[in-house]
$ cat run_33.txt   # compact mmCIF, C-alpha atoms and all ligand atoms
# COMPACT_ATOMS: atom_id res chain seq x y z
CA MET A 1 4.82 -0.29 -28.40
CA ALA A 2 4.21 3.22 -26.97
CA THR A 3 0.92 5.13 -26.92
CA LEU A 4 0.34 8.76 -26.02
CA PHE A 5 -3.08 9.90 -24.85
CA LYS A 6 -3.09 13.67 -25.20
CA SER A 7 -5.34 16.60 -24.27
CA ILE A 8 -7.27 14.49 -21.73
CA LYS A 9 -9.95 16.76 -20.24
CA GLU A 10 -9.32 15.20 -16.81
CA LEU A 11 -7.09 12.31 -15.78
CA ILE A 12 -8.73 10.75 -12.74
CA GLN A 13 -7.43 8.85 -9.70
CA VAL A 14 -3.83 10.01 -10.11
CA ARG A 15 -1.58 8.68 -7.36
CA ASN A 16 2.09 9.56 -7.65
CA GLU A 17 2.99 7.37 -4.69
CA PRO A 18 1.64 3.83 -4.50
CA ILE A 19 -1.07 3.46 -1.83
CA SER A 20 -2.80 0.36 -0.48
CA PHE A 21 -6.28 1.69 0.20
CA ILE A 22 -8.12 4.81 1.28
CA SER A 23 -10.24 5.18 4.42
CA GLY A 24 -12.69 7.57 6.03
CA LYS A 25 -12.48 11.26 5.10
CA GLU A 26 -9.70 10.59 2.59
CA MET A 27 -12.20 8.73 0.46
CA ASN A 28 -13.79 12.04 -0.44
CA VAL A 29 -10.58 13.16 -2.13
CA LEU A 30 -10.07 12.06 -5.73
CA PRO A 31 -6.83 13.45 -7.17
CA THR A 32 -7.00 14.45 -10.84
CA ILE A 33 -5.03 16.38 -13.46
CA GLU A 34 -6.94 18.60 -15.88
CA ASP A 35 -5.72 18.93 -19.49
CA ALA A 36 -3.42 15.97 -19.08
CA PHE A 37 -1.30 13.51 -21.05
CA LEU A 38 -0.68 9.82 -20.34
CA VAL A 39 1.98 7.57 -21.85
CA VAL A 40 1.62 3.78 -21.99
CA GLU A 41 4.52 1.54 -22.95
CA ASN A 42 4.42 -2.23 -23.21
CA GLY A 43 1.13 -2.36 -21.35
CA LEU A 44 2.20 -0.21 -18.43
CA ILE A 45 1.63 3.40 -17.39
CA VAL A 46 5.06 5.03 -17.74
CA ASN A 47 4.37 8.76 -17.62
CA PHE A 48 1.59 11.29 -17.10
CA GLY A 49 1.18 14.95 -16.25
CA SER A 50 -0.11 18.28 -17.44
CA MET A 51 -0.21 18.96 -21.20
CA ASP A 52 2.22 21.82 -20.51
CA ASP A 53 4.83 19.12 -19.88
CA CYS A 54 3.75 16.71 -22.62
CA PRO A 55 6.83 14.98 -24.10
CA THR A 56 7.55 15.51 -27.78
CA ASP A 57 8.93 12.00 -28.42
CA SER A 58 7.55 9.92 -31.27
CA TYR A 59 4.88 7.30 -30.48
CA ASP A 60 3.41 4.29 -32.29
CA ASN A 61 -0.04 5.58 -31.48
CA ILE A 62 -1.39 9.00 -30.50
CA ILE A 63 -4.93 9.28 -29.14
CA ASP A 64 -6.54 12.69 -28.89
CA ALA A 65 -8.80 12.66 -25.82
CA THR A 66 -10.08 16.22 -26.11
CA GLY A 67 -13.29 16.59 -24.06
CA LYS A 68 -12.91 13.09 -22.61
CA MET A 69 -11.68 11.70 -19.33
CA ILE A 70 -9.48 8.74 -18.43
CA LEU A 71 -9.90 6.64 -15.29
CA PRO A 72 -8.35 3.39 -14.13
CA SER A 73 -10.71 0.50 -14.98
CA TRP A 74 -13.21 -0.66 -12.40
CA CYS A 75 -11.92 -3.29 -9.96
CA ASP A 76 -14.71 -5.77 -9.21
CA SER A 77 -13.59 -7.68 -6.11
CA HIS A 78 -16.66 -9.90 -5.63
CA THR A 79 -18.32 -11.94 -8.39
CA HIS A 80 -19.74 -15.38 -9.09
CA ILE A 81 -19.66 -15.14 -12.91
CA VAL A 82 -18.91 -18.84 -13.39
CA TYR A 83 -22.38 -20.36 -13.24
CA ALA A 84 -24.74 -22.39 -15.40
CA GLY A 85 -28.18 -21.35 -16.62
CA ASN A 86 -30.07 -18.65 -14.76
CA ARG A 87 -32.80 -18.27 -12.14
CA GLU A 88 -35.38 -16.19 -13.98
CA GLY A 89 -38.14 -18.36 -12.52
CA GLU A 90 -37.19 -17.29 -8.99
CA PHE A 91 -37.16 -13.68 -10.13
CA VAL A 92 -40.83 -14.02 -11.03
CA ASP A 93 -41.51 -15.90 -7.76
CA ARG A 94 -40.12 -12.93 -5.88
CA ILE A 95 -42.21 -10.50 -7.90
CA ASN A 96 -45.17 -12.61 -6.81
CA GLY A 97 -44.25 -12.22 -3.17
CA LEU A 98 -41.83 -14.97 -2.14
CA SER A 99 -38.67 -13.88 -0.32
CA TYR A 100 -35.10 -14.95 -1.18
CA GLU A 101 -35.16 -17.03 2.01
CA GLU A 102 -38.49 -18.72 1.20
CA ILE A 103 -37.26 -19.63 -2.28
CA ALA A 104 -34.07 -21.12 -0.81
CA ASN A 105 -36.07 -23.09 1.78
CA ASN A 106 -38.19 -24.55 -1.04
CA GLY A 107 -35.07 -26.05 -2.62
CA GLY A 108 -34.41 -23.12 -4.95
CA GLY A 109 -31.61 -20.60 -4.57
CA ILE A 110 -27.99 -21.70 -4.52
CA LEU A 111 -28.97 -25.40 -4.62
CA ASN A 112 -30.90 -24.77 -7.82
CA SER A 113 -27.79 -23.31 -9.48
CA ALA A 114 -25.65 -26.15 -8.08
CA LYS A 115 -27.88 -28.78 -9.68
CA GLU A 116 -27.66 -27.09 -13.07
CA LEU A 117 -23.90 -26.60 -12.81
CA GLN A 118 -23.31 -30.24 -11.83
CA GLU A 119 -25.13 -31.27 -15.02
CA THR A 120 -23.17 -28.87 -17.25
CA SER A 121 -19.89 -29.90 -18.90
CA GLU A 122 -16.70 -27.99 -18.15
CA GLU A 123 -16.65 -26.76 -21.75
CA GLY A 124 -20.28 -25.61 -21.55
CA LEU A 125 -19.58 -23.80 -18.29
CA TYR A 126 -16.53 -22.13 -19.80
CA GLN A 127 -18.56 -20.93 -22.80
CA GLN A 128 -21.30 -19.43 -20.63
CA SER A 129 -18.84 -17.82 -18.22
CA SER A 130 -16.51 -16.36 -20.85
CA LYS A 131 -19.46 -14.51 -22.39
CA ARG A 132 -20.12 -12.87 -19.03
CA LEU A 133 -16.45 -11.99 -18.62
CA GLU A 134 -16.41 -10.35 -22.06
CA GLU A 135 -19.60 -8.48 -21.18
CA VAL A 136 -18.18 -6.97 -17.98
CA ILE A 137 -14.89 -6.06 -19.66
CA GLN A 138 -16.89 -4.00 -22.16
CA LEU A 139 -18.61 -2.34 -19.19
CA GLY A 140 -15.25 -1.19 -17.87
CA THR A 141 -14.13 -3.89 -15.47
CA GLY A 142 -10.34 -4.25 -15.64
CA ALA A 143 -9.68 -6.63 -12.72
CA ILE A 144 -12.02 -9.22 -11.26
CA GLU A 145 -12.41 -11.83 -8.54
CA ILE A 146 -14.47 -14.96 -9.28
CA LYS A 147 -15.78 -17.49 -6.75
CA SER A 148 -16.63 -21.15 -6.87
CA GLY A 149 -19.58 -22.26 -4.72
CA TYR A 150 -22.18 -23.47 -7.21
CA GLY A 151 -20.57 -26.91 -7.37
CA LEU A 152 -20.95 -28.25 -3.82
CA THR A 153 -19.39 -31.61 -4.78
CA THR A 154 -15.70 -32.34 -5.22
CA ASP A 155 -15.94 -32.68 -8.98
CA ALA A 156 -18.19 -29.69 -9.54
CA GLU A 157 -16.18 -27.34 -7.29
CA ILE A 158 -12.97 -28.35 -9.07
CA LYS A 159 -14.75 -27.93 -12.43
CA MET A 160 -15.68 -24.35 -11.51
CA LEU A 161 -12.18 -23.50 -10.38
CA ARG A 162 -10.66 -25.01 -13.54
CA VAL A 163 -12.96 -22.83 -15.60
CA ILE A 164 -11.73 -19.78 -13.66
CA LYS A 165 -8.14 -20.90 -14.34
CA ARG A 166 -8.90 -21.18 -18.05
CA LEU A 167 -10.43 -17.69 -18.06
CA LYS A 168 -7.22 -16.43 -16.43
CA GLU A 169 -5.14 -18.04 -19.17
CA ASN A 170 -7.26 -16.78 -22.05
CA TYR A 171 -8.15 -13.18 -21.13
CA PRO A 172 -5.82 -10.22 -20.60
CA ILE A 173 -7.45 -9.18 -17.32
CA PRO A 174 -6.14 -9.96 -13.81
CA ILE A 175 -8.42 -12.59 -12.24
CA LYS A 176 -8.34 -13.84 -8.64
CA ALA A 177 -10.02 -17.14 -7.73
CA THR A 178 -11.88 -17.84 -4.51
CA PHE A 179 -12.88 -21.25 -3.15
CA LEU A 180 -16.44 -20.90 -1.79
CA GLY A 181 -17.31 -24.53 -1.16
CA ALA A 182 -19.09 -23.37 2.02
CA HIS A 183 -21.76 -21.52 0.05
CA ALA A 184 -24.69 -23.78 0.98
CA VAL A 185 -25.15 -27.24 2.47
CA PRO A 186 -25.92 -29.59 -0.45
CA THR A 187 -29.10 -31.70 -0.36
CA ASN A 188 -27.28 -34.99 0.25
CA PHE A 189 -25.79 -33.51 3.45
CA LYS A 190 -29.05 -31.84 4.51
CA ASN A 191 -28.99 -33.45 7.96
CA ASN A 192 -25.23 -33.76 8.17
CA LYS A 193 -23.60 -30.35 7.86
CA GLU A 194 -20.58 -31.64 9.81
CA GLY A 195 -20.07 -34.27 7.13
CA TYR A 196 -20.08 -31.58 4.43
CA LEU A 197 -17.60 -29.44 6.38
CA GLN A 198 -15.38 -32.49 6.66
CA LEU A 199 -15.62 -33.11 2.91
CA LEU A 200 -14.68 -29.50 2.25
CA ILE A 201 -11.71 -29.57 4.60
CA ASP A 202 -10.40 -33.11 4.13
CA GLU A 203 -11.07 -33.71 0.46
CA ILE A 204 -11.87 -30.65 -1.63
CA MET A 205 -9.50 -28.10 -0.08
CA PRO A 206 -6.40 -30.32 -0.45
CA LYS A 207 -7.28 -30.82 -4.15
CA VAL A 208 -7.80 -27.10 -4.66
CA ALA A 209 -4.42 -26.41 -3.07
CA ASP A 210 -2.73 -29.25 -4.95
CA GLU A 211 -3.81 -27.89 -8.32
CA ASN A 212 -3.19 -24.32 -7.14
CA LEU A 213 -6.72 -23.36 -8.15
CA ALA A 214 -7.54 -20.62 -5.62
CA ASP A 215 -6.09 -17.55 -3.95
CA TYR A 216 -8.84 -17.04 -1.38
CA VAL A 217 -11.26 -19.00 0.78
CA ASP A 218 -14.81 -17.79 1.36
CA VAL A 219 -17.80 -18.83 3.51
CA PHE A 220 -21.43 -17.72 3.44
CA CYS A 221 -21.57 -16.91 7.17
CA GLU A 222 -25.32 -16.50 7.64
CA THR A 223 -28.28 -17.84 9.58
CA GLY A 224 -29.43 -21.02 7.86
CA TYR A 225 -26.11 -21.45 5.99
CA PHE A 226 -22.83 -21.52 7.94
CA SER A 227 -22.48 -20.44 11.59
CA VAL A 228 -19.62 -18.48 13.08
CA ALA A 229 -18.14 -21.76 14.39
CA ASP A 230 -18.40 -23.33 10.89
CA THR A 231 -16.78 -20.22 9.43
CA GLU A 232 -13.89 -20.48 11.89
CA LEU A 233 -13.31 -24.10 10.91
CA ILE A 234 -13.19 -23.31 7.20
CA LEU A 235 -11.03 -20.21 7.54
CA LYS A 236 -8.57 -21.99 9.80
CA ALA A 237 -8.26 -24.90 7.38
CA GLY A 238 -8.07 -22.56 4.38
CA LYS A 239 -5.21 -20.64 5.93
CA GLN A 240 -3.30 -23.88 6.43
CA TYR A 241 -3.54 -24.37 2.67
CA GLY A 242 -2.37 -20.81 2.01
CA LEU A 243 -5.83 -19.48 1.16
CA VAL A 244 -6.51 -15.97 2.45
CA PRO A 245 -10.05 -15.43 3.85
CA LYS A 246 -12.63 -13.19 2.14
CA ILE A 247 -16.10 -13.79 3.52
CA HIS A 248 -19.83 -13.26 2.85
CA VAL A 249 -21.17 -11.83 6.08
CA ASN A 250 -24.02 -9.77 7.60
CA GLN A 251 -26.19 -10.02 4.47
CA PHE A 252 -29.47 -10.86 6.21
CA THR A 253 -28.47 -11.20 9.87
CA ALA A 254 -25.56 -10.05 12.03
CA ILE A 255 -24.34 -13.16 13.85
CA GLY A 256 -20.76 -12.22 14.69
CA GLY A 257 -19.02 -13.13 11.45
CA VAL A 258 -17.31 -9.78 11.04
CA LYS A 259 -15.34 -10.43 14.24
CA THR A 260 -14.35 -13.86 12.92
CA GLY A 261 -13.24 -12.36 9.62
CA VAL A 262 -11.00 -9.88 11.41
CA LYS A 263 -9.71 -12.60 13.77
CA TYR A 264 -8.56 -14.62 10.76
CA ASP A 265 -7.09 -11.57 8.97
CA ALA A 266 -9.68 -11.63 6.19
CA LEU A 267 -8.67 -9.49 3.24
CA SER A 268 -12.30 -8.41 2.99
CA VAL A 269 -15.70 -8.83 4.60
CA ASP A 270 -18.44 -8.52 2.00
CA HIS A 271 -22.17 -7.63 1.92
CA LEU A 272 -22.59 -5.89 5.33
CA GLU A 273 -26.21 -4.90 4.74
CA GLU A 274 -26.90 -5.54 8.44
CA MET A 275 -24.18 -3.80 10.43
CA ARG A 276 -24.17 -3.29 14.17
CA GLU A 277 -22.18 -0.50 15.82
CA LYS A 278 -19.86 -3.14 17.24
CA ASP A 279 -19.17 -4.60 13.78
CA ILE A 280 -18.04 -1.18 12.62
CA ALA A 281 -15.88 -0.77 15.72
CA ILE A 282 -14.27 -4.19 15.15
CA LEU A 283 -13.22 -3.27 11.61
CA LYS A 284 -11.68 0.04 12.62
CA GLY A 285 -7.89 0.15 12.27
CA THR A 286 -7.66 -3.32 10.70
CA LYS A 287 -6.40 -4.31 7.26
CA THR A 288 -9.74 -5.93 6.42
CA MET A 289 -11.63 -4.12 3.64
CA ALA A 290 -15.38 -3.63 3.99
CA VAL A 291 -17.04 -4.43 0.64
CA ALA A 292 -20.56 -3.25 -0.22
CA LEU A 293 -22.65 -4.78 -2.99
CA PRO A 294 -25.41 -2.27 -3.80
CA SER A 295 -26.74 -4.10 -6.88
CA CYS A 296 -27.64 -7.02 -4.61
CA SER A 297 -29.61 -4.74 -2.28
CA TYR A 298 -31.33 -3.23 -5.31
CA PHE A 299 -32.29 -6.57 -6.84
CA LEU A 300 -33.44 -8.24 -3.60
CA SER A 301 -34.97 -5.08 -2.08
CA ILE A 302 -32.95 -5.54 1.10
CA PRO A 303 -31.17 -2.72 3.02
CA TYR A 304 -28.05 -1.14 1.57
CA ALA A 305 -24.79 -1.43 3.51
CA PRO A 306 -24.58 1.68 5.75
CA ALA A 307 -21.78 3.29 3.79
CA ARG A 308 -22.12 6.70 5.42
CA LYS A 309 -21.84 5.26 8.90
CA MET A 310 -18.83 3.16 7.93
CA ILE A 311 -16.93 5.90 6.09
CA ASP A 312 -17.78 8.51 8.74
CA ALA A 313 -16.39 6.11 11.35
CA GLY A 314 -13.11 6.12 9.44
CA LEU A 315 -13.39 2.76 7.66
CA PRO A 316 -12.28 2.06 4.09
CA LEU A 317 -15.02 0.81 1.77
CA ALA A 318 -14.89 -0.98 -1.59
CA LEU A 319 -17.73 -1.48 -4.07
CA ALA A 320 -18.28 -4.63 -6.13
CA THR A 321 -21.06 -6.17 -8.22
CA ASP A 322 -21.66 -9.64 -6.69
CA TYR A 323 -22.64 -10.75 -10.25
CA ASN A 324 -24.47 -14.08 -9.71
CA PRO A 325 -27.65 -15.79 -10.95
CA GLY A 326 -29.65 -15.47 -7.72
CA SER A 327 -29.19 -12.19 -5.91
CA THR A 328 -27.48 -10.00 -8.55
CA PRO A 329 -27.73 -10.98 -12.20
CA SER A 330 -25.75 -7.91 -13.25
CA GLY A 331 -22.03 -7.21 -13.51
CA ASN A 332 -22.28 -3.52 -14.29
CA MET A 333 -19.85 -1.54 -12.12
CA ASN A 334 -21.19 1.73 -13.60
CA PHE A 335 -24.56 0.90 -12.08
CA VAL A 336 -22.86 -0.04 -8.78
CA VAL A 337 -21.09 3.33 -8.63
CA ALA A 338 -24.32 5.20 -9.45
CA THR A 339 -26.38 3.22 -6.93
CA ALA A 340 -23.77 3.79 -4.22
CA CYS A 341 -24.18 7.53 -4.76
CA ILE A 342 -27.97 7.52 -5.10
CA LYS A 343 -28.93 5.00 -2.41
CA MET A 344 -25.96 4.90 -0.07
CA LYS A 345 -25.22 8.63 -0.18
CA MET A 346 -21.62 8.19 -1.19
CA THR A 347 -20.11 11.13 -3.06
CA PRO A 348 -18.83 10.50 -6.61
CA GLU A 349 -15.28 10.79 -5.21
CA GLU A 350 -15.95 8.17 -2.54
CA ALA A 351 -17.67 5.85 -4.99
CA ILE A 352 -14.87 6.09 -7.57
CA ASN A 353 -12.21 5.47 -4.90
CA ALA A 354 -14.25 2.51 -3.64
CA ALA A 355 -14.61 1.02 -7.14
CA THR A 356 -10.96 1.43 -8.12
CA ILE A 357 -8.12 1.45 -5.56
CA ASN A 358 -10.11 -0.04 -2.67
CA GLY A 359 -11.52 -2.73 -4.96
CA ALA A 360 -7.98 -3.51 -6.13
CA TYR A 361 -6.89 -3.91 -2.49
CA ALA A 362 -9.80 -6.28 -1.81
CA MET A 363 -8.25 -8.57 -4.47
CA GLY A 364 -4.63 -8.11 -3.43
CA LEU A 365 -4.05 -6.25 -6.70
CA GLU A 366 -3.36 -2.76 -5.38
CA LYS A 367 0.20 -2.81 -6.73
CA GLU A 368 -1.02 -3.68 -10.22
CA VAL A 369 -4.26 -1.78 -10.89
CA GLY A 370 -6.73 0.69 -9.36
CA SER A 371 -4.98 4.02 -9.94
CA ILE A 372 -3.03 6.05 -12.47
CA THR A 373 0.43 5.34 -11.08
CA LYS A 374 3.69 4.74 -12.96
CA GLY A 375 4.41 1.04 -13.30
CA LYS A 376 0.78 -0.08 -12.99
CA ARG A 377 -1.02 -1.86 -15.78
CA ALA A 378 -2.65 0.46 -18.31
CA ASN A 379 -6.15 -0.89 -17.67
CA LEU A 380 -8.09 2.23 -18.49
CA LEU A 381 -11.49 3.71 -19.28
CA LEU A 382 -11.74 6.47 -21.86
CA THR A 383 -15.06 8.25 -21.35
CA LYS A 384 -17.33 9.85 -23.90
CA SER A 385 -17.30 13.68 -23.90
CA ILE A 386 -18.59 14.57 -20.45
CA ASN A 387 -18.43 17.69 -18.32
CA SER A 388 -17.38 16.16 -15.03
CA TYR A 389 -16.67 12.74 -13.55
CA GLY A 390 -19.78 13.21 -11.41
CA PHE A 391 -21.75 12.68 -14.62
CA ILE A 392 -20.77 8.99 -14.49
CA PRO A 393 -22.95 8.17 -11.42
CA TYR A 394 -25.46 10.92 -12.25
CA SER A 395 -26.38 9.33 -15.58
CA PHE A 396 -27.36 6.05 -13.88
CA GLY A 397 -28.49 3.19 -16.08
CA ALA A 398 -26.29 4.36 -18.93
CA HIS A 399 -22.54 4.31 -19.03
CA GLN A 400 -20.20 6.98 -20.22
CA ILE A 401 -17.43 4.73 -21.48
CA GLU A 402 -16.29 5.16 -25.07
CA LYS A 403 -13.36 2.75 -25.06
CA VAL A 404 -11.77 0.29 -22.68
CA TYR A 405 -8.07 -0.63 -22.62
CA LEU A 406 -6.43 -3.62 -21.00
CA ASN A 407 -2.63 -3.48 -20.81
CA GLY A 408 -2.81 -0.43 -23.07
CA VAL A 409 -4.63 -2.30 -25.83
CA GLU A 410 -8.10 -1.23 -26.88
CA ILE A 411 -10.63 -4.05 -26.38
CA LYS A 412 -13.19 -4.13 -29.18
N1 LIG B 501 -25.17 -14.62 -0.46
C1 LIG B 501 -24.60 -15.58 -0.93
N2 LIG B 501 -24.20 -15.74 -2.18
C2 LIG B 501 -24.59 -14.92 -3.29
C3 LIG B 501 -25.94 -15.28 -3.82
C4 LIG B 501 -26.05 -16.66 -4.15
C5 LIG B 501 -27.25 -17.04 -4.95
O1 LIG B 501 -28.39 -16.64 -4.61
O2 LIG B 501 -27.04 -17.75 -5.92
C6 LIG B 501 -24.48 -13.47 -2.91
O3 LIG B 501 -23.39 -13.06 -2.58
O4 LIG B 501 -25.46 -12.72 -2.93
ZN ZN B 502 -21.47 -13.12 -3.32
$ encode --input "run_33.txt" --output "structure tokens" --more "lines below"
Ligand SMILES: N=CN[C@@H](CCC(=O)O)C(=O)O
Ligand SMILES: [Zn+2]
Amino acid sequence: MATLFKSIKELIQVRNEPISFISGKEMNVLPTIEDAFLVVENGLIVNFGSMDDCPTDSYDNIIDATGKMILPSWCDSHTHIVYAGNREGEFVDRINGLSYEEIANNGGGILNSAKELQETSEEGLYQQSSKRLEEVIQLGTGAIEIKSGYGLTTDAEIKMLRVIKRLKENYPIPIKATFLGAHAVPTNFKNNKEGYLQLLIDEIMPKVADENLADYVDVFCETGYFSVADTELILKAGKQYGLVPKIHVNQFTAIGGVKTGVKYDALSVDHLEEMREKDIAILKGTKTMAVALPSCSYFLSIPYAPARKMIDAGLPLALATDYNPGSTPSGNMNFVVATACIKMKMTPEEAINAATINGAYAMGLEKEVGSITKGKRANLLLTKSINSYGFIPYSFGAHQIEKVYLNGVEIK
């Protein structure tokens, strides 16, 4: 099966040579080809270039993209889309003046979602979660990471991870799974966090590894949740089970978790709303990707990750949604890209690099997705007729996607 996309107004994020990620000043460079063609065969990108060199072979399918642009799909490296119910009540509580922290301290927050998830069947959880996956695919996401962490018991954590596994089997999108048992201390361990850490390490993690249910291990390293020492314990144990660290850190307070992430070779450190100069310095020159989650800052009215400072210091930065029921009930990467430009002062080039190739790296998928490169999956966005790619973040709140393709196949 071969498809030719012809007369593409601009083919965006073209990388002839495979790259892992882009840092610092380079992030402001977004390579494109104007008036381009793209050939997809058996789900993969096999050829592209200027229309002047467009091959004259015969194709099963020819798509005229006059006036439209093609980009690699968004790579969303941080989500919690497997959850049960929602937390609309807390949304109203916050409108009425309570903070995220106050709600959590009153027994709401993550524990609220855990209770609902524990009471939901695996089938029910799958049904709710698959709807969200289908929703974000339509919004242009073509690779995604999904975390556990709303189970907080052995059975419920395994249930979440099995649902993620089933999503992997049933949808044509690359999915990475992260074990986030250390998301909150459950009520029955309220005065015995050590006991919960022991359960995570001695009972749940071996099961997760046994069933091969996760690629990554995550911890909510934050005041009132898990300390730096707790984080070290979990990351060390996770690594022994072959789970690569990716951590929640510096969301509300900077307590030293970035250093721990780097020490344990974390693939990414995520949130980073509260960054100290020394956290930025620690990340410099490492292989750990900084991941910003602007929709979370927007929804909770907390600071945005200091993208300018990080990029100007030479760091790479990825953008992700953090789609979850408490802090970010939205999985719209178009909104993330727009908000990064509007609120974090990233240029459209930086934001698109952050939401494609750098996001792919933050999921270990940089060889598969995230750029227009021969041999990569044809997970693509075909835009509506637009004048420039800058119109994508400029027209915030809308999206400019006309069609999405996964493995070269249009998703309807
Ligand atoms: N910060 C920790 N975890 C999620 C929110 C969890 C929740 O409120 O349900 C996040 O990434 O924002
Ligand atoms: Zn998160």
$ residues_around --input "run_33.txt" --residues "Thr153 of chain A" --least-positions-apart "2" --cutoff "9 Å" --atoms "only C-alpha atoms" --output "list in words"
Ala114, Gln118, Tyr150, Gly151, Asp155, Ala156, Glu157, Ile158, Gly181, Pro186, Leu199, Leu200 and Ile204 of chain A
$ write_last_selection --input "run_33.txt" --atoms "C-alpha atoms" --output "short mmCIF file (atom, residue, chain, number, x, y, z; two decimals), in the frame of the given file"
data_model
loop_
_atom_site.label_atom_id
_atom_site.label_comp_id
_atom_site.auth_asym_id
_atom_site.auth_seq_id
_atom_site.Cartn_x
_atom_site.Cartn_y
_atom_site.Cartn_z
CA ALA A 114 -25.65 -26.15 -8.08
CA GLN A 118 -23.31 -30.24 -11.83
CA TYR A 150 -22.18 -23.47 -7.21
CA GLY A 151 -20.57 -26.91 -7.37
CA ASP A 155 -15.94 -32.68 -8.98
CA ALA A 156 -18.19 -29.69 -9.54
CA GLU A 157 -16.18 -27.34 -7.29
CA ILE A 158 -12.97 -28.35 -9.07
CA GLY A 181 -17.31 -24.53 -1.16
CA PRO A 186 -25.92 -29.59 -0.45
CA LEU A 199 -15.62 -33.11 2.91
CA LEU A 200 -14.68 -29.50 2.25
CA ILE A 204 -11.87 -30.65 -1.63
#
$ residues_near_ligand --input "run_33.txt" --ligand "ligand LIG 501 (chain B)" --cutoff "7 Å" --atoms "all atoms listed in the file" --output "ChimeraX atom specification"
/A:109-110,113,183,220,248,251,296,322,324-328
$ residues_near_ligand --input "run_33.txt" --ligand "ligand ZN 502 (chain B)" --cutoff "8 Å" --atoms "all atoms listed in the file" --output "list in words"
His78, Thr79, His80, Lys147, His248, Asp270, His271, Asp322, Tyr323 and Asn324 of chain A
$ write_last_selection --input "run_33.txt" --atoms "C-alpha atoms" --output "short mmCIF file (atom, residue, chain, number, x, y, z; two decimals), in the frame of the given file"
data_model
loop_
_atom_site.label_atom_id
_atom_site.label_comp_id
_atom_site.auth_asym_id
_atom_site.auth_seq_id
_atom_site.Cartn_x
_atom_site.Cartn_y
_atom_site.Cartn_z
CA HIS A 78 -16.66 -9.90 -5.63
CA THR A 79 -18.32 -11.94 -8.39
CA HIS A 80 -19.74 -15.38 -9.09
CA LYS A 147 -15.78 -17.49 -6.75
CA HIS A 248 -19.83 -13.26 2.85
CA ASP A 270 -18.44 -8.52 2.00
CA HIS A 271 -22.17 -7.63 1.92
CA ASP A 322 -21.66 -9.64 -6.69
CA TYR A 323 -22.64 -10.75 -10.25
CA ASN A 324 -24.47 -14.08 -9.71
#
$ atom_distance --input "run_33.txt" --atom1 "atom CA of Lys412 of chain A" --atom2 "atom CA of Thr56 of chain A"
28.6 Å
$ atom_distance --input "run_33.txt" --atom1 "atom CA of Ser385 of chain A" --atom2 "atom CA of Glu10 of chain A"
10.8 Å
$ decode --input "run_33.txt" --residues "segment 306-323 of chain A" --atoms "C-alpha atoms" --output "CSV table (one decimal), in the first residue's frame"
chain,number,residue,atom,x,y,z
A,306,PRO,CA,10.5,28.8,33.1
A,307,ALA,CA,11.0,27.7,29.5
A,308,ARG,CA,12.9,30.7,28.4
A,309,LYS,CA,15.4,30.3,31.2
A,310,MET,CA,15.8,26.6,30.5
A,311,ILE,CA,16.2,26.9,26.7
A,312,ASP,CA,18.4,30.0,27.0
A,313,ALA,CA,20.7,28.0,29.3
A,314,GLY,CA,21.0,25.4,26.6
A,315,LEU,CA,18.6,22.7,27.9
A,316,PRO,CA,16.3,20.7,25.7
A,317,LEU,CA,12.6,21.0,26.6
A,318,ALA,CA,9.6,18.8,25.7
A,319,LEU,CA,5.9,19.7,26.1
A,320,ALA,CA,3.2,17.3,27.2
A,321,THR,CA,-0.4,17.5,28.4
A,322,ASP,CA,-0.5,15.8,31.8
A,323,TYR,CA,-4.1,14.8,31.0
